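As structure tokens, the structure follows; a few thoughts come after it.
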Amino acid sequence: MPPAIMAEGLVKKYGDVIALDGMNLSVPEGTVFGLLGPNGAGKTTTVRILTTLLKPDAGHATVAGFDVVADAHRLRSHIGASGQYAAVDDHLTGAENLEMVGRLYHLGTKPSKQRARELLERFDLTEAADRPVQGYSGGMRRRLDLAAALVANPPVLFLDEPTTGLDPRARAGLWDTISELVATGTTVLLTTQYMEEADRLADRIAVVDHGHVIALGTADELKDQIGGDRIELTVTNPADLETVRRTLAPLAVGDMRTDALHVTIPVTSGAASLTSALGTLAAERVTVRDASLRRPTLDEVFLTLTGHQTTDSPKEHDR
Amino acid sequence: MNTLQMAIADSVTITKRNALKIKRAPDLLGGAVILPIVFVLLFAYIFGSMIEVPGVSYREYMVPGVFVVAIVSSAQITGYTLTLDLRKGIFDRFRTLPMAPSAVLTGQTLSDLLMNLTSIVVMAVVGLIVGWRIHTTPHEAVMGFLLLLLFAYAFSWVTATVALALRTPEVFNNIATLVSMPLMFLSNVFVDSARLPGPLKAVAEWNPVSTIVQAARDLFGNAIPATAVSGAWPLQHAVLVSLLWSVLILIVFVPLATRLYQKTVSR
């Protein structure tokens with residue numbers, strides 16, 4: 001079966017700024033693919049090309065079997081897009097917004113109305129259905145925007161930073177909604193700056209930096225790429241931090257990070273390293289308040305792969 | 001559905017959407033209904049008490065001018081909302097839908113036309129109350145209203161083009177004010193252009209706004225009699241020249257706005 005989304009060597013320039021520099025993607029049908037990267041990495045540009053908003057300067061891409069440039073118009077019936085700006089109409093009610101989208105997908109007036117009601121109910125917006133969107137909360141707007149992307153039941157869905165700017169509760173709610181969607185077999189391409197989000201939603205993740213993919217794999221594979229586990233220690237006395245650093249240095253396979261009373265140590269031999277570390281510290285009479293062993297976070301993966309943190313925004317806004 | 005049917009159906013959908021917006025947004029509704037009433041009353045009672053024009057009552061002279069002022073000002077409001085749509089990404093949504101690309105602008109300009117129709121009806125009624133009268137045949141009067149609406153429709157495309165070119169609401173507002181003020185005041189809207197000093201007179205007489213105002217005055221029977229014989233060429237043939245202006249504007253700005261729409265959203 002051909003991939004639902006396929007991109008080869010996409011290049012896009014804005015004057016001197018290279019937004020995409022040979023982007024390659026392949027997303028099998030029915031899976032969730034996460035594009036992970038900081039602002040300006042090229043995530044939004046990729047989505048814009050794949051949703052026919054933008055023509056690439058070089059390279060080509062197909063979505064649901066349609067070429068994004070040559071077959072743009074036909075492709076549009078097979079995709080849904082939901083962006084970080086929640087493109088819904090303030091003056092229209094939730095129901096009117098969805099009915100309008102349904103009519104523009106040419107579903108017909110009656111089916112559009114029916115579909116709008118279904119989606120409003122599914123996204124828990126029935127009560128607000130006949131109120132202008134102006135009065136909606138941020139989370140409600142995003143849910144409506146997502147509902148708008150689903151009006152035509154598209155086989156391929158693009159979610160561009162779906163939870164950026166949402167509070168933690170609204171974010172968790174939206175994650176649940178997206179997870180449910182994915183269970184129904186929709187192919188999803190998701191862009192995000194949040195490691196947690198990619199980890200939670202995506203089957204496979206491409207780490208993007210400077211307009212191309214720098215690492216690709218499942219969340220676990222990416223974590224394995226940078227090797228090993230992390231020991232997390234919390235001490236009671238700040239004076240002990242120096243002792244910890246000195247005595248545990250032989251165990252560490254990379255840079256130790258210290259943050260207040262907290263130390264993170266990359267190690268290779270997991271549980272054995274933890275036992276040995278705790279033994280060493282007991283001998284040094286260091287009081288350890290908390291100790292744990294964990295897999296590296298995707299933030300750490302990104303930091304290791306790119307040398308800069310994900311929260312960096314070298315360019316003013318995402319392209 | 002074939003391409004044409006689709007374009008028509010989608011235009012109707014977008015027109016409905018914009019009409020709902022106008023109904024719900026106080027600033028848009030104010031632009032369509034309240035502002036024109038204020039214009040008529042303000043100019044009738046303030047300018048009307050000070051300005052005299054030869055051979056016709058000032059209130060009758062002024063009302064067709066105010067129709068055109070209202071058209072130009074409401075265009076500013078719709079251009080502003082277009083730039084807001086651009087900023088909010090709603091056009092991005094439209095462009096990912098399998099709709100006719102032309103429908104967004106056709107729908108926008110058609111809803112502008114509805115808004116202009118509303119405001120002209122409101123102004124005509126208020127005008128009749130304060131003493132404006134039509135002295136021509138019903139046939140000519142209808143022609144007068146149709147000509148105003150044609151000009152309004154053509155002018156919407158100019159607004160759309162400028163809005164799409166400038167993109168940001170703030171810049172659009174500044175430029176629109178900067179352009180529309182002289183367009184309205186260096187004309188025969190409020191005063192008899194024949195009595196302006198030399199260079200201003202030439203500008204005012206060749207200003208397309210003057211032509212359309214003159215055409216409306218001719219068709220409603222509110223014109224200064226002398227203009228028909230001693231005015232500049234466009235004023236003497238105002239109805240024909242207004243038609244030409246409107247058609248020319250449409251020929252130039254429809255393709256221009258359409259191209260800009262396709263390019264502008266592609267960022």
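By convention here, the chains of the structure tokens are called A, B, ... in the order presented, each chain's residues are numbered starting at 1, and ligands are numbered starting at 1 in the order presented.
Any residue of chain A with an atom no more than 6 Å from chain B counts as a contact; using only C-alpha atoms, that gives Leu53, Leu54, His73, Arg76, Ser77, Ala87, His91, Leu104 and Tyr105 of chain A.
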Per-residue DSSP, range 164-317 of chain A, filtered to alpha helix (DSSP H), as a ChimeraX atom specification:
/A:168-183,195-201,219-225,240-248,270-283,298-306
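If you measure from each of A:Leu120, A:Leu35, A:Ala70, A:Ala81 to Tyr194 in chain A using only C-alpha atoms, the closest one turns out to be A:Leu35.
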Between A:Val207, A:Gly139, A:Ala147, A:Val68, smallest distance to Arg117 in chain A by only C-alpha atoms belongs to A:Ala147
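In this model, the gap between CA of His60 in chain A and CA of Thr258 in chain B comes to 25.8 Å.
Nearest to Asp130 in chain A of all the residues A:Leu278, A:Val69, A:Ala116, A:Leu25 is A:Ala116, counting only C-alpha atoms.
Put simply, CA of Ile51 in chain B is 14.1 Å away from CA of Ala194 in chain B.
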